[in-house]
Amino acid sequence: MINITFPDGASRAYEPGISGLDIAKSISPSLARRTVAMVRDGALADLADAIDRDAKIEFISRDDPRALELIRHDAAHVMAEAVQGLFPGTQVTIGPVIENGFYYDFFRNAPFTPEDFPAIEKRMREIIARDKPFTKEVWSREQARNWFETHGEAFKVELVDAIPPDQDLKIYKQGDWLDLCRGPHMTSTGKIGSAFKLMKVAGAYWRGDSNNPMLSRIYATAFARQEELDAYLKQLEEAERRDHRRLGREMDLFHFQEEGPGTVFWHPKGWTLFQTLIAYMRRRLAGDYQEVNAPQVLDTALWETSGHWGWYRDNMFMVKPAGDDPDDERTFALKPMNCPGHVLIFKHGLRSYRELPLRMAEFGLVHRYEPSGAIHGIMRVRAFTQDDAHIFCTEDQLAEECMKINDLILSVYNDFGFDRIVVKLSTRPDKRVGTDAMWDHAEAVMRRVLDEIKARHGNIVTTSINPGEGAFYGPKFEYVLRDAIGREWQCGTTQVDFNLPERFGAFYIAPNSEKTVPVMIHRAICGSMERFIGILIEHFAGHLPLWLSPVQAVVCTITQEADDYAREMIAAARKQGLRVEGDLTNEKITYKVREHSLAKIPVLLVVGRKEAAERTVSIRRLGSQAQTSMSFDEALRALTEEATPPDVRRERAEGMRAAAE
């Protein structure tokens with residue numbers, strides 16, 4: 001007999017070889033009907049799998065969040081069957097589940113188009129309605145090769161040959177159609193439901209190699225319920241409306257061109273936004289951090305010492321001197337990160353424990369090679385600025401420093417309107433450096449800090465563990481933001497590193513006069529400044545807060561008789577530090593309002609003959625048809641107050657409270 005343990009701790013004895021389905025039936029027929037898969041010893045498995053030893057199992061219904069991957073996996077198989085039924089001669093290749101959906105790559109002479117989607121979706125619904133069971137068979141390598149060769153599936157033959165000899169060749173059938181697949185699957189096609197949609201088609205090379213045939217990739221998505229699919233499609237529609245690339249053009253912030261692939265050409269307004277963000281971050285670091293700057297181009301020997309050469313070489317840009325100086329045959333690299341430079345700055349001179357913690361910050365331009373297909377606006381580029389910092393401290397100071405970093409990160413995010421944060425602790429990966437004892441200590445400290453974060457900030461923070469997702473040199477916290485339409489963005493990090501200072505021979509003199517290797521904490525808040533700006537643009541749909549807007553107001557004239565008054569207003573506003581422009585062109589006011597609204601100017605100050613005579617202004621806000629009239633002096637005071645950055649406003653308020661006490 002074998003012992004099966006259930007989630008509530010109860011256990012039962014069964015004959016070896018019993019399936020998960022039969023166990024479910026033995027408990028309750030209704031349980032068996034609503035169960036689509038099982039979790040066996042922590043891993044999703046087919047419900048029909050035989051269990052021949054003691055195990056812990058949990059039954060998964062279709063509504064369980066863990067079943068979503070199965071729904072999408074099964075839908076990929078059904079889509080492949082539908083395609084081959086409608087387009088004979090089409091070969092199937094691979095069809096994995098991806099974030100927010102799935103895709104399948106097909107080989108045929110003519111690529112698919114969106115016009116093919118209605119027919120494919122209709123056939124998918126017919127296959128789902130048949131409700132054929134998913135059944136698994138294990139074939140020999142020869143049997144699988146022969147079947148796929150006979151049926152003209154050359155790509156599947158290649159996949160069969162690539163499977164290691166010690167792994168089973170699993171074949172999943174749904175009626176008469178079958179596919180090579182690792183599994184698992186739900187019990188039948190009917191469990192997929194009708195909440196699916198084909199999204200787009202794209203080209204993709206077989207195995208990602210341009211020397212291989214071009215395939216036609218159909219992207220799709222599926223959800224457990226129609227309302228979830230509807231919400232997702234609405235989110236996509238809203239995301240399209242908020243796309244930072246489109247808004248960047250409308251707001252005249254930046255552009256890209258072939259001469260600098262993956263690098264941003266910042267326009268004056270975009271650069272103003274960039275520098276406003278940098279200035280804010282500098283103010284937040286003032287008093288606690290020392291700002292430094294390390295070289296852009298460094299000998300590859302440095303990256304060999306740091307370990308990045310072995311781990312990160314394929315993502316680095318190499319640089320060779322253009323001259324023919326025989327004394328300089330070295331190879332250099334553009335820095336992909338700032339940390340080795342900061343270690344060298346720490347090493348320059350003798351350090352005492354009294355100087356710790358020592359916090360170094362740099363808004364450092366880094367270069368990383370991203371495949372051309374991965375580049376996406378300013379969200380993913382090849383050259384970007386990191387708001388990077390490294391804290392050198394003692395082991396005893398580690399927990400306190402991590403908590404201080406956390407409080408700073410949460411405060412910064414709150415200033416930008418992000419009040420739903422997920423903090424994930426990523427633990428040791430399989431490939432890593434350092435001893436297990438070192439990892440045990442670092443992870444124990446980070447877990448205590450995570451508990452403290454939850455206790456202090458539980459109203460805005462959700463915490464979780466990311467097993468195996470730490471950096472190769474240490475565990476890390478990842479800070480994930482949720483934007484206005486529910487999307488998640490991983491931005492901030494706090495990474496503990498016992499490795500890099502030791503590799504460079506960095507040390508400080510401890511109280512006992514011994515040389516001691518410091519703990520190094522890698523810290524970023526925005527991460528990539530370019531990416532963070534893209535997130536902000538999309539989060540606010542271009543309606544940036546007044547303090548952050550590159551142009552905070554435009555003075556628009558209705559008639560030339562108000563031009564002198566408008567110029568006086570512009571000068572007064574600029575004297576108060578406001579970023580104000582004027583539109584004194586001979587255009588109708590309706591045209592001016594439309595153009596500046598498209599450019600997402602937050603405030604329009606409209607003046608005509610009447611306003612000039614009375615020294616008033618008519619105020620129009622972005623996104624509103626209403627107008628407010630007030631004196632210019634009053635409007636200037638209100639706008640100046642509103643345009644004050646949140647950190648400055650907070651500091652003033654604290655100063656006033658202190659003075660009152």
# chains A, B, ... in the order shown; residues from 1 in each chain; ligands from 1
call {"tool": "residues_around", "arguments": {"residues": "Leu636 (chain A)", "least_positions_apart": "2", "cutoff": "10 Å", "atoms": "only C-alpha atoms", "output": "list in words"}}
result
Met569, Ala572, Ala573, Gln576, Leu578, Val617, Met630, Ser631, Phe632, Asp633, Glu634, Ala638, Leu639, Thr640, Glu641 and Glu642 of chain A
call {"tool": "write_last_selection", "arguments": {"atoms": "C-alpha atoms", "output": "PDB file, in the first residue's frame"}}
result
ATOM      1  CA  MET A 569       2.870  86.654 -17.815  1.00  0.00           C
ATOM      2  CA  ALA A 572       6.705  86.420 -14.363  1.00  0.00           C
ATOM      3  CA  ALA A 573       5.976  82.695 -14.406  1.00  0.00           C
ATOM      4  CA  GLN A 576       8.931  81.815 -10.239  1.00  0.00           C
ATOM      5  CA  LEU A 578       7.679  77.586 -13.791  1.00  0.00           C
ATOM      6  CA  VAL A 617      -6.476  84.794 -17.008  1.00  0.00           C
ATOM      7  CA  MET A 630      -8.983  84.455 -11.816  1.00  0.00           C
ATOM      8  CA  SER A 631      -6.437  87.198 -11.445  1.00  0.00           C
ATOM      9  CA  PHE A 632      -3.045  86.426 -12.872  1.00  0.00           C
ATOM     10  CA  ASP A 633      -1.324  86.938  -9.502  1.00  0.00           C
ATOM     11  CA  GLU A 634      -3.673  84.439  -7.902  1.00  0.00           C
ATOM     12  CA  ALA A 638      -1.610  78.533  -7.249  1.00  0.00           C
ATOM     13  CA  LEU A 639       0.449  77.121 -10.112  1.00  0.00           C
ATOM     14  CA  THR A 640       3.731  77.732  -8.313  1.00  0.00           C
ATOM     15  CA  GLU A 641       2.441  75.834  -5.294  1.00  0.00           C
ATOM     16  CA  GLU A 642       1.083  72.999  -7.414  1.00  0.00           C
TER      17      GLU A 642
END
call {"tool": "residues_around", "arguments": {"residues": "Val297 (chain A)", "least_positions_apart": "5", "cutoff": "7 Å", "atoms": "only C-alpha atoms", "output": "PyMOL selection string"}}
result
chain A and resi 332-335
call {"tool": "select_by_dssp", "arguments": {"residues": "region 441-620 of chain A", "states": "helix (DSSP H, G or I)", "output": "ChimeraX atom specification"}}
result
/A:441-457,500-503,529-539,560-575,589-598,609-614
call {"tool": "residues_around", "arguments": {"residues": "region 499-515 of chain A", "least_positions_apart": "4", "cutoff": "10 Å", "atoms": "only C-alpha atoms", "output": "compact mmCIF listing (two decimals) with N, CA and C atoms, in the first residue's frame"}}
result
# COMPACT_ATOMS: atom_id res chain seq x y z
N LEU A 302 39.21 44.03 -16.00
CA LEU A 302 38.38 44.40 -14.84
C LEU A 302 37.14 43.51 -14.78
N GLU A 304 36.81 40.56 -16.06
CA GLU A 304 37.22 39.19 -15.72
C GLU A 304 37.36 39.06 -14.20
N THR A 305 37.95 40.07 -13.58
CA THR A 305 38.10 40.05 -12.12
C THR A 305 36.74 40.04 -11.43
N SER A 306 35.83 40.86 -11.94
CA SER A 306 34.51 40.96 -11.30
C SER A 306 33.66 39.71 -11.51
N GLY A 307 33.99 38.94 -12.56
CA GLY A 307 33.19 37.76 -12.88
C GLY A 307 32.15 38.01 -13.95
N CYS A 339 28.85 48.68 -10.78
CA CYS A 339 29.36 48.18 -9.50
C CYS A 339 30.89 48.00 -9.44
N PRO A 340 31.58 47.43 -10.46
CA PRO A 340 33.03 47.30 -10.32
C PRO A 340 33.73 48.64 -10.15
N HIS A 342 32.59 51.24 -8.66
CA HIS A 342 32.39 51.71 -7.30
C HIS A 342 33.28 50.97 -6.30
N VAL A 343 33.53 49.69 -6.57
CA VAL A 343 34.45 48.95 -5.70
C VAL A 343 35.85 49.56 -5.79
N LEU A 344 36.26 49.93 -7.01
CA LEU A 344 37.59 50.53 -7.17
C LEU A 344 37.67 51.88 -6.46
N ILE A 345 36.58 52.65 -6.47
CA ILE A 345 36.58 53.92 -5.73
C ILE A 345 36.67 53.65 -4.23
N PHE A 346 35.95 52.64 -3.76
CA PHE A 346 36.02 52.28 -2.34
C PHE A 346 37.45 51.87 -1.97
N LYS A 347 38.11 51.13 -2.87
CA LYS A 347 39.46 50.64 -2.59
C LYS A 347 40.52 51.74 -2.57
N HIS A 348 40.21 52.87 -3.18
CA HIS A 348 41.23 53.91 -3.33
C HIS A 348 41.43 54.61 -1.99
N GLY A 349 42.43 54.18 -1.28
CA GLY A 349 42.70 54.73 0.05
C GLY A 349 42.28 53.73 1.12
N LEU A 350 42.81 53.91 2.29
CA LEU A 350 42.52 53.01 3.40
C LEU A 350 41.19 53.39 4.04
N ARG A 351 40.33 52.39 4.24
CA ARG A 351 39.00 52.63 4.81
C ARG A 351 38.94 52.08 6.24
N SER A 352 38.26 52.83 7.09
CA SER A 352 38.06 52.42 8.47
C SER A 352 36.61 52.03 8.70
N TYR A 353 36.35 51.20 9.67
CA TYR A 353 34.98 50.83 10.04
C TYR A 353 34.17 52.06 10.42
N ARG A 354 34.86 53.13 10.84
CA ARG A 354 34.15 54.36 11.22
C ARG A 354 33.48 55.03 10.03
N GLU A 355 33.96 54.74 8.80
CA GLU A 355 33.37 55.34 7.60
C GLU A 355 32.12 54.58 7.14
N LEU A 356 31.87 53.43 7.72
CA LEU A 356 30.77 52.59 7.25
C LEU A 356 29.50 52.85 8.06
N PHE A 392 28.55 50.07 1.14
CA PHE A 392 29.56 49.21 1.75
C PHE A 392 29.35 49.29 3.25
N CYS A 393 29.14 48.13 3.87
CA CYS A 393 28.80 48.13 5.30
C CYS A 393 29.34 46.86 5.96
N THR A 394 29.17 46.79 7.26
CA THR A 394 29.53 45.59 8.00
C THR A 394 28.35 44.63 7.99
N VAL A 433 27.87 31.92 -6.98
CA VAL A 433 29.19 31.93 -6.36
C VAL A 433 29.00 32.04 -4.85
N GLY A 434 30.05 31.71 -4.10
CA GLY A 434 29.98 31.80 -2.65
C GLY A 434 29.58 30.49 -2.00
N THR A 435 29.83 30.41 -0.72
CA THR A 435 29.55 29.18 0.03
C THR A 435 28.09 29.14 0.46
N MET A 438 27.50 31.30 3.46
CA MET A 438 27.33 32.71 3.14
C MET A 438 25.90 33.00 2.68
N PHE A 472 23.57 35.89 -9.16
CA PHE A 472 24.54 34.82 -8.97
C PHE A 472 25.43 35.07 -7.76
N TYR A 473 25.44 36.33 -7.26
CA TYR A 473 26.33 36.67 -6.16
C TYR A 473 25.61 36.87 -4.84
N GLY A 474 24.27 36.84 -4.83
CA GLY A 474 23.59 37.05 -3.56
C GLY A 474 22.08 37.17 -3.72
N VAL A 519 30.49 44.04 3.36
CA VAL A 519 29.31 43.59 2.61
C VAL A 519 28.96 44.70 1.64
N MET A 520 28.60 44.32 0.43
CA MET A 520 28.22 45.31 -0.59
C MET A 520 26.74 45.12 -0.91
call {"tool": "residues_around", "arguments": {"residues": "Glu362 (chain A)", "least_positions_apart": "2", "cutoff": "12 Å", "atoms": "only C-alpha atoms", "output": "short mmCIF file (atom, residue, chain, number, x, y, z; two decimals) with C-alpha atoms, in the first residue's frame"}}
result
data_model
loop_
_atom_site.label_atom_id
_atom_site.label_comp_id
_atom_site.auth_asym_id
_atom_site.auth_seq_id
_atom_site.Cartn_x
_atom_site.Cartn_y
_atom_site.Cartn_z
CA ILE A 278 17.34 63.18 -11.96
CA MET A 281 16.41 61.69 -7.17
CA ARG A 282 19.46 63.76 -6.26
CA LEU A 285 19.79 61.09 -1.84
CA TYR A 289 24.79 59.29 -0.38
CA GLN A 290 27.98 60.53 -1.99
CA GLU A 291 27.60 60.87 -5.75
CA VAL A 292 30.46 59.48 -7.83
CA ASN A 293 31.18 58.82 -11.49
CA ALA A 294 33.14 55.88 -12.89
CA PRO A 295 34.58 55.57 -16.43
CA MET A 337 26.83 48.17 -14.89
CA ASN A 338 28.45 50.49 -12.37
CA CYS A 339 29.36 48.18 -9.50
CA GLY A 341 33.86 50.99 -10.70
CA HIS A 342 32.39 51.71 -7.30
CA ILE A 345 36.58 53.92 -5.73
CA ARG A 359 26.89 54.91 0.35
CA MET A 360 27.94 55.71 -3.22
CA GLY A 364 25.67 56.08 -14.68
CA LEU A 365 25.19 55.56 -18.41
CA VAL A 366 25.55 51.85 -19.18
CA THR A 385 21.07 55.52 -17.22
CA GLN A 386 20.91 53.60 -13.95
CA ASP A 387 20.09 55.34 -10.67
CA ASP A 388 22.63 53.02 -9.19
CA ALA A 389 24.02 52.99 -5.68
CA HIS A 390 26.27 50.70 -3.67
CA ILE A 391 26.45 50.59 0.07
CA HIS A 522 23.56 46.96 -4.86
CA ARG A 523 20.57 49.30 -4.88
CA ALA A 524 18.40 50.80 -7.61
CA ILE A 525 15.08 52.62 -7.26
CA GLY A 527 16.32 51.05 -12.31
CA MET A 529 15.75 56.07 -15.83
#
call {"tool": "residues_around", "arguments": {"residues": "Val554 (chain A)", "least_positions_apart": "3", "cutoff": "7 Å", "atoms": "only C-alpha atoms", "output": "VMD selection string"}}
result
chain A and resid 580 to 583 603 to 605
call {"tool": "select_by_dssp", "arguments": {"residues": "region 281-504 of chain A", "states": "strand (DSSP E or B)", "output": "PyMOL selection string"}}
result
chain A and resi 290-291+297-299+318-319+332-334+352+358-367+376+380+383-393+421-426+461-466+471+474+476-482+488-497
call {"tool": "closest_residue", "arguments": {"among": "A:Lys122, A:Ser188, A:Thr331, A:Glu137", "to": "Lys170 (chain A)", "atoms": "only C-alpha atoms"}}
result
A:Glu137
call {"tool": "closest_residue", "arguments": {"among": "A:Pro111, A:Gly492, A:Gly270, A:Gly203", "to": "Asp252 (chain A)", "atoms": "only C-alpha atoms"}}
result
A:Gly270
call {"tool": "atom_distance", "arguments": {"atom1": "CA of Asp430 (chain A)", "atom2": "CA of Ile163 (chain A)"}}
result
22.1 Å
call {"tool": "closest_residue", "arguments": {"among": "A:Ala455, A:Ile537, A:Ala220, A:Ala286", "to": "Asp243 (chain A)", "atoms": "only C-alpha atoms"}}
result
A:Ile537
call {"tool": "atom_distance", "arguments": {"atom1": "CA of Gly262 (chain A)", "atom2": "CA of His244 (chain A)"}}
result
15.2 Å
call {"tool": "residues_around", "arguments": {"residues": "region 396-399 of chain A", "least_positions_apart": "2", "cutoff": "9 Å", "atoms": "only C-alpha atoms", "output": "PyMOL selection string"}}
result
chain A and resi 356-357+393-394+401-404+442+445-446+448-449+496+519-521
call {"tool": "residues_around", "arguments": {"residues": "region 223-240 of chain A", "least_positions_apart": "5", "cutoff": "7 Å", "atoms": "only C-alpha atoms", "output": "ChimeraX atom specification"}}
result
/A:63,68,195-196,485
call {"tool": "closest_residue", "arguments": {"among": "A:Thr135, A:Asp116, A:Ile127, A:Met79", "to": "Asp46 (chain A)", "atoms": "only C-alpha atoms"}}
result
A:Thr135
call {"tool": "closest_residue", "arguments": {"among": "A:Asp415, A:Asp105, A:Glu126, A:Asp407", "to": "Pro545 (chain A)", "atoms": "only C-alpha atoms"}}
result
A:Asp415
call {"tool": "closest_residue", "arguments": {"among": "A:Val551, A:Pro114, A:Phe317, A:Gly208", "to": "Met251 (chain A)", "atoms": "only C-alpha atoms"}}
result
A:Val551
